[in-house]
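Below you'll find the structure, written out as structure tokens, and then a few comments.
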Amino acid sequence: MNSKIDVDTLITNASELLTCTVSNSKKPKTGKALSDLGIIKDGCIAIKDGRIVFVGLNSDVDFNARNTINAKNKVVMPGFVDCHTHAIFAGSREDESLKKQQGISYLDILKQGGGILSTVEETRKATKEELFQIAKKYLKRMIEYGTTTVEIKSGYGLNFEDEKKILEVASELEKETGIDIVKTYLGAHTVPKNITKEDYIKEVLASLENIKPYSEFCDVFCEKGVFSIEETRTILSKAKELGFKLKLHSEQNHLLHSAELAGELCAISADHLENIADTGIESLVKNNVIGVLLPGVPFYLMEEKYAPARELINKGVAIAIASDFNPGSCPSFNMQLMISLACLKMKLLPGEAINATTINAAFAINRANEVGSLEIGKKADIIILDIDNHNKLPYYFGINLVEKVIKTGKLIYER
Ligand code: NIG
Ligand code: FE
């Protein structure tokens with residue numbers, strides 16, 4: 001009689017199986033633990049009903065599997081969690097690159113009525129179906145690059161109907177692609193044309209309750225010339241009262257002390273942080289706010305200043321890394337490239353950058369109980385890379401190393 005346990009899929013012989021597990025399931029990785037990938041050499045993983053049922057050594061395996069994938073000489077790891085994107089928009093803004101080369105800054109382009117506002121114009125014009133088709137194409141490409149969970153912000157509608165349209169497209173994309181999508185309302189992305197800031201903030205405040213069924217998080221672009229600390233506090237406090245979890249675009253171009261505000265409001269994350277102060281760092285640590293770093297942004301905007309990642313790690317901030325995919329400040333969703341940039345520009349170790357794009361990123365969108373690490377009971381969101389050790393992930397920069405993508409146990413991409 002065969003007493004072996006039946007499973008759906010076995011991935012065997014992995015040169016390195018990066019489990020990315022945390023010692024305390026309630027807390028993201030910080031400090032020294034951030035570089036610990038929980039590597040199993042010659043590893044194996046078993047999947048049943050979309051979930052992980054075994055993680056361990058190849059030699060311990062004793063299953064009947066319907067499918068077996070031989071991962072000899074490959075790295076097997078959790079799918080990337082891209083915890084900060086603006087992936088639903090119409091149009092593109094390649095014309096801005098030229099302006100930036102001529103020395104016109106990102107915020108100056110916005111002031112002149114371009115930037116975010118030009119994408120708002122295009123996105124408002126697009127029908128829901130058109131937006132869906134555009135974003136579906138982007139998401140399919142994200143999957144090819146190994147992303148299996150993505151956060152998407154609204155913020156290119158800037159009125160109730162168009163913001164709702166974007167968030168509804170996000171829900172439809174989740175059904176269509178099978179990947180997990182976490183939704184964030186970013187009505188306070190900038191002030192639209194033909195309305196005063198004061199009136200627009202009133203509109204955002206009034207819309208919060210009605211938009212709540214469509215989004216889990218609320219975010220504000222807190223920046224000089226966009227929304228001030230006081231305005232951000234007003235919007236996010238009301239959002240918190242209504243049950244939103246909070247995020248902030250924080251300290252990107254100027255130090256406004258919005259990281260301190262993120263601490264005060266117990267936001268889940270404060271994102272960007274290029275100009276964070278010591279008091280901001282202390283506030284993030286004290287209040288368990290995750291610092292989401294977006295190295296593709298200064299890279300694409302031709303800026304020298306990156307977030308002080310080493311200092312944040314040394315002082316105990318839990319960091320995550322995301323793409324910030326959007327048409328103006330980072331038209332890339334390649335999480336492998338973000339890992340390379342984190343290592344090359346912010347001096348992260350490969351292991352730190354990988355944990356920051358998987359388990360810590362899952363914490364930054366409240367999904368660490370389901371995704372981000374290879375652990376029994378979690379969703380089988382797994383990617384297989386054509387490299388034999390994880391140090392080659394940042395090394396081959398800009399190259400897609402993904403060979404297979406498995407989402408909730410299903411092979412959804414194979415090269
Ligand atoms: O995260 N900074 C504000 N929002 C986005 C950019 C959006 C855009 O330029 O369209 C960001 O960088
Ligand atoms: Fe952003």
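As shown in the structure tokens, the chain order sets the letters A, B, ...; within each chain, residues go from 1, and ligands are also counted from 1 in the order they appear.
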Q: Can you tell me which residues come within 10 Å of ligand 2 when counting only C-alpha atoms and all ligand atoms, ideally as a PyMOL selection string?
A: chain A and resi 84-87+152-153+155+186+189+219-221+248-250+252+271-272+294+297+322-326+328-330
Q: Write down as a PyMOL selection string the residues of stretch 92-227 of chain A whose backbone DSSP state falls under helix (DSSP H, G or I).
A: chain A and resi 95-101+106-111+116-125+128-144+160-177+197-214
Q) Looking at A:Leu173, A:Cys83, A:Ala65, A:Ala364, which one is nearest to ligand 1, with distances taken over only C-alpha atoms and all ligand atoms? A) A:Cys83
Q.
Rounded to one decimal, what separation in Å do you get between atom CA of A:Ser283 and atom CA of A:Ser258?
A.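 Separating atom CA of A:Ser283 from atom CA of A:Ser258 is a distance of 10.1 Å.
Closest approach to ligand 1 from the set A:Lys202, A:Lys111, A:Lys407, A:His390 is made by A:Lys111, with distances taken over only C-alpha atoms and all ligand atoms.
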**Q.** Given only C-alpha atoms as the counted atoms, nearest of A:Phe63, A:Gly225, A:Ala267, A:Lys164 to A:Lys212
**A.**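 Residue with the minimum atom-to-atom distance to A:Lys212: A:Lys164.
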Env of A:Lys392: 9 Å cut, atoms = only C-alpha atoms, seq-sep filter 5 positions within chain, self excluded. Answer as an mmCIF file with N, CA and C atoms, in the first residue's frame.
```cif
data_model
loop_
_atom_site.group_PDB
_atom_site.id
_atom_site.type_symbol
_atom_site.label_atom_id
_atom_site.label_comp_id
_atom_site.auth_asym_id
_atom_site.auth_seq_id
_atom_site.Cartn_x
_atom_site.Cartn_y
_atom_site.Cartn_z
ATOM 1 N N PRO A 350 22.180 42.003 -0.866
ATOM 2 C CA PRO A 350 21.146 41.313 -1.658
ATOM 3 C C PRO A 350 20.035 40.725 -0.787
ATOM 4 N N ILE A 387 18.974 31.475 -11.852
ATOM 5 C CA ILE A 387 20.276 31.763 -11.229
ATOM 6 C C ILE A 387 20.462 30.723 -10.127
ATOM 7 N N PHE A 397 21.749 43.196 -13.511
ATOM 8 C CA PHE A 397 20.711 44.227 -13.407
ATOM 9 C C PHE A 397 19.995 44.479 -14.739
#
```
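Once A:Ser118 and its same-chain neighbours fewer than 6 positions away are set aside, Gly91, Arg93 and Leu110 of chain A remain within 9 Å of it when counting only C-alpha atoms.
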All residues 10 Å or closer to A:Leu17, only C-alpha atoms, same chain fewer than 6 positions away omitted, as a JSON list (two decimals) with N, CA and C atoms, in the first residue's frame:
```json
[["chain", "number", "residue", "atom", "x", "y", "z"],
["A", 11, "ILE", "N", 8.13, 21.23, -6.05],
["A", 11, "ILE", "CA", 9.28, 21.89, -6.68],
["A", 11, "ILE", "C", 10.51, 21.32, -5.98],
["A", 37, "LEU", "N", 17.72, 35.35, 4.82],
["A", 37, "LEU", "CA", 16.71, 34.87, 3.87],
["A", 37, "LEU", "C", 16.16, 33.49, 4.23],
["A", 38, "GLY", "N", 16.63, 32.91, 5.30],
["A", 38, "GLY", "CA", 16.17, 31.56, 5.67],
["A", 38, "GLY", "C", 16.41, 30.59, 4.53],
["A", 39, "ILE", "N", 17.65, 30.53, 4.05],
["A", 39, "ILE", "CA", 17.94, 29.75, 2.84],
["A", 39, "ILE", "C", 17.99, 28.25, 3.15],
["A", 40, "ILE", "N", 17.32, 27.47, 2.32],
["A", 40, "ILE", "CA", 17.46, 26.02, 2.37],
["A", 40, "ILE", "C", 18.17, 25.60, 1.09],
["A", 41, "LYS", "N", 19.35, 25.02, 1.23],
["A", 41, "LYS", "CA", 20.07, 24.54, 0.03],
["A", 41, "LYS", "C", 19.57, 23.16, -0.32],
["A", 42, "ASP", "N", 19.47, 22.89, -1.60],
["A", 42, "ASP", "CA", 18.88, 21.64, -2.08],
["A", 42, "ASP", "C", 17.47, 21.48, -1.47],
["A", 43, "GLY", "N", 16.68, 22.50, -1.67],
["A", 43, "GLY", "CA", 15.37, 22.59, -1.04],
["A", 43, "GLY", "C", 14.24, 22.07, -1.90],
["A", 44, "CYS", "N", 13.13, 21.85, -1.22],
["A", 44, "CYS", "CA", 11.93, 21.33, -1.89],
["A", 44, "CYS", "C", 10.71, 21.99, -1.27],
["A", 45, "ILE", "N", 9.69, 22.16, -2.08],
["A", 45, "ILE", "CA", 8.45, 22.76, -1.56],
["A", 45, "ILE", "C", 7.26, 22.03, -2.19],
["A", 55, "VAL", "N", 7.82, 22.66, 3.33],
["A", 55, "VAL", "CA", 9.03, 23.38, 2.93],
["A", 55, "VAL", "C", 10.19, 22.70, 3.63],
["A", 56, "GLY", "N", 11.18, 22.25, 2.88],
["A", 56, "GLY", "CA", 12.29, 21.61, 3.57],
["A", 56, "GLY", "C", 13.34, 21.07, 2.63],
["A", 57, "LEU", "N", 14.06, 20.08, 3.12],
["A", 57, "LEU", "CA", 15.14, 19.51, 2.33],
["A", 57, "LEU", "C", 14.60, 18.52, 1.32],
["A", 71, "ALA", "N", 13.96, 22.15, -10.01],
["A", 71, "ALA", "CA", 14.57, 23.49, -9.93],
["A", 71, "ALA", "C", 16.08, 23.40, -9.72],
["A", 74, "LYS", "N", 18.58, 26.42, -9.70],
["A", 74, "LYS", "CA", 17.71, 27.61, -9.71],
["A", 74, "LYS", "C", 17.50, 28.13, -8.28],
["A", 75, "VAL", "N", 17.18, 29.41, -8.22],
["A", 75, "VAL", "CA", 16.71, 30.01, -6.96],
["A", 75, "VAL", "C", 15.18, 29.97, -6.97],
["A", 76, "VAL", "N", 14.61, 29.50, -5.87],
["A", 76, "VAL", "CA", 13.15, 29.46, -5.71],
["A", 76, "VAL", "C", 12.82, 30.40, -4.55],
["A", 77, "MET", "N", 11.89, 31.30, -4.76],
["A", 77, "MET", "CA", 11.60, 32.31, -3.72],
["A", 77, "MET", "C", 10.15, 32.77, -3.79],
["A", 78, "PRO", "N", 9.70, 33.53, -2.79],
["A", 78, "PRO", "CA", 8.32, 34.05, -2.85],
["A", 78, "PRO", "C", 8.16, 35.02, -4.02],
["A", 374, "LEU", "N", 7.77, 31.79, 2.16],
["A", 374, "LEU", "CA", 7.43, 30.40, 1.84],
["A", 374, "LEU", "C", 7.29, 29.63, 3.15],
["A", 384, "ILE", "N", 10.50, 31.06, -9.80],
["A", 384, "ILE", "CA", 11.73, 30.30, -10.02],
["A", 384, "ILE", "C", 12.62, 31.13, -10.93],
["A", 389, "ASN", "N", 22.35, 31.25, -7.25],
["A", 389, "ASN", "CA", 22.41, 31.81, -5.89],
["A", 389, "ASN", "C", 21.85, 33.23, -5.91],
["A", 390, "HIS", "N", 21.34, 33.64, -4.77],
["A", 390, "HIS", "CA", 20.57, 34.90, -4.72],
["A", 390, "HIS", "C", 21.43, 36.14, -4.95]]
```
Q: Extract, using only C-alpha atoms, all DNA, RNA and protein residues at most 8 Å from A:Lys72, discarding same-chain residues fewer than 5 positions from it, and format them as a list in words.
A: Thr12, Asn13, Ala14 and Ser15 of chain A
Q: Show which residues sit within 7 Å of A:Lys48, as a PyMOL selection string. Count only C-alpha atoms, and ignore same-chain residues fewer than 6 positions away.
A: chain A and resi 7-9
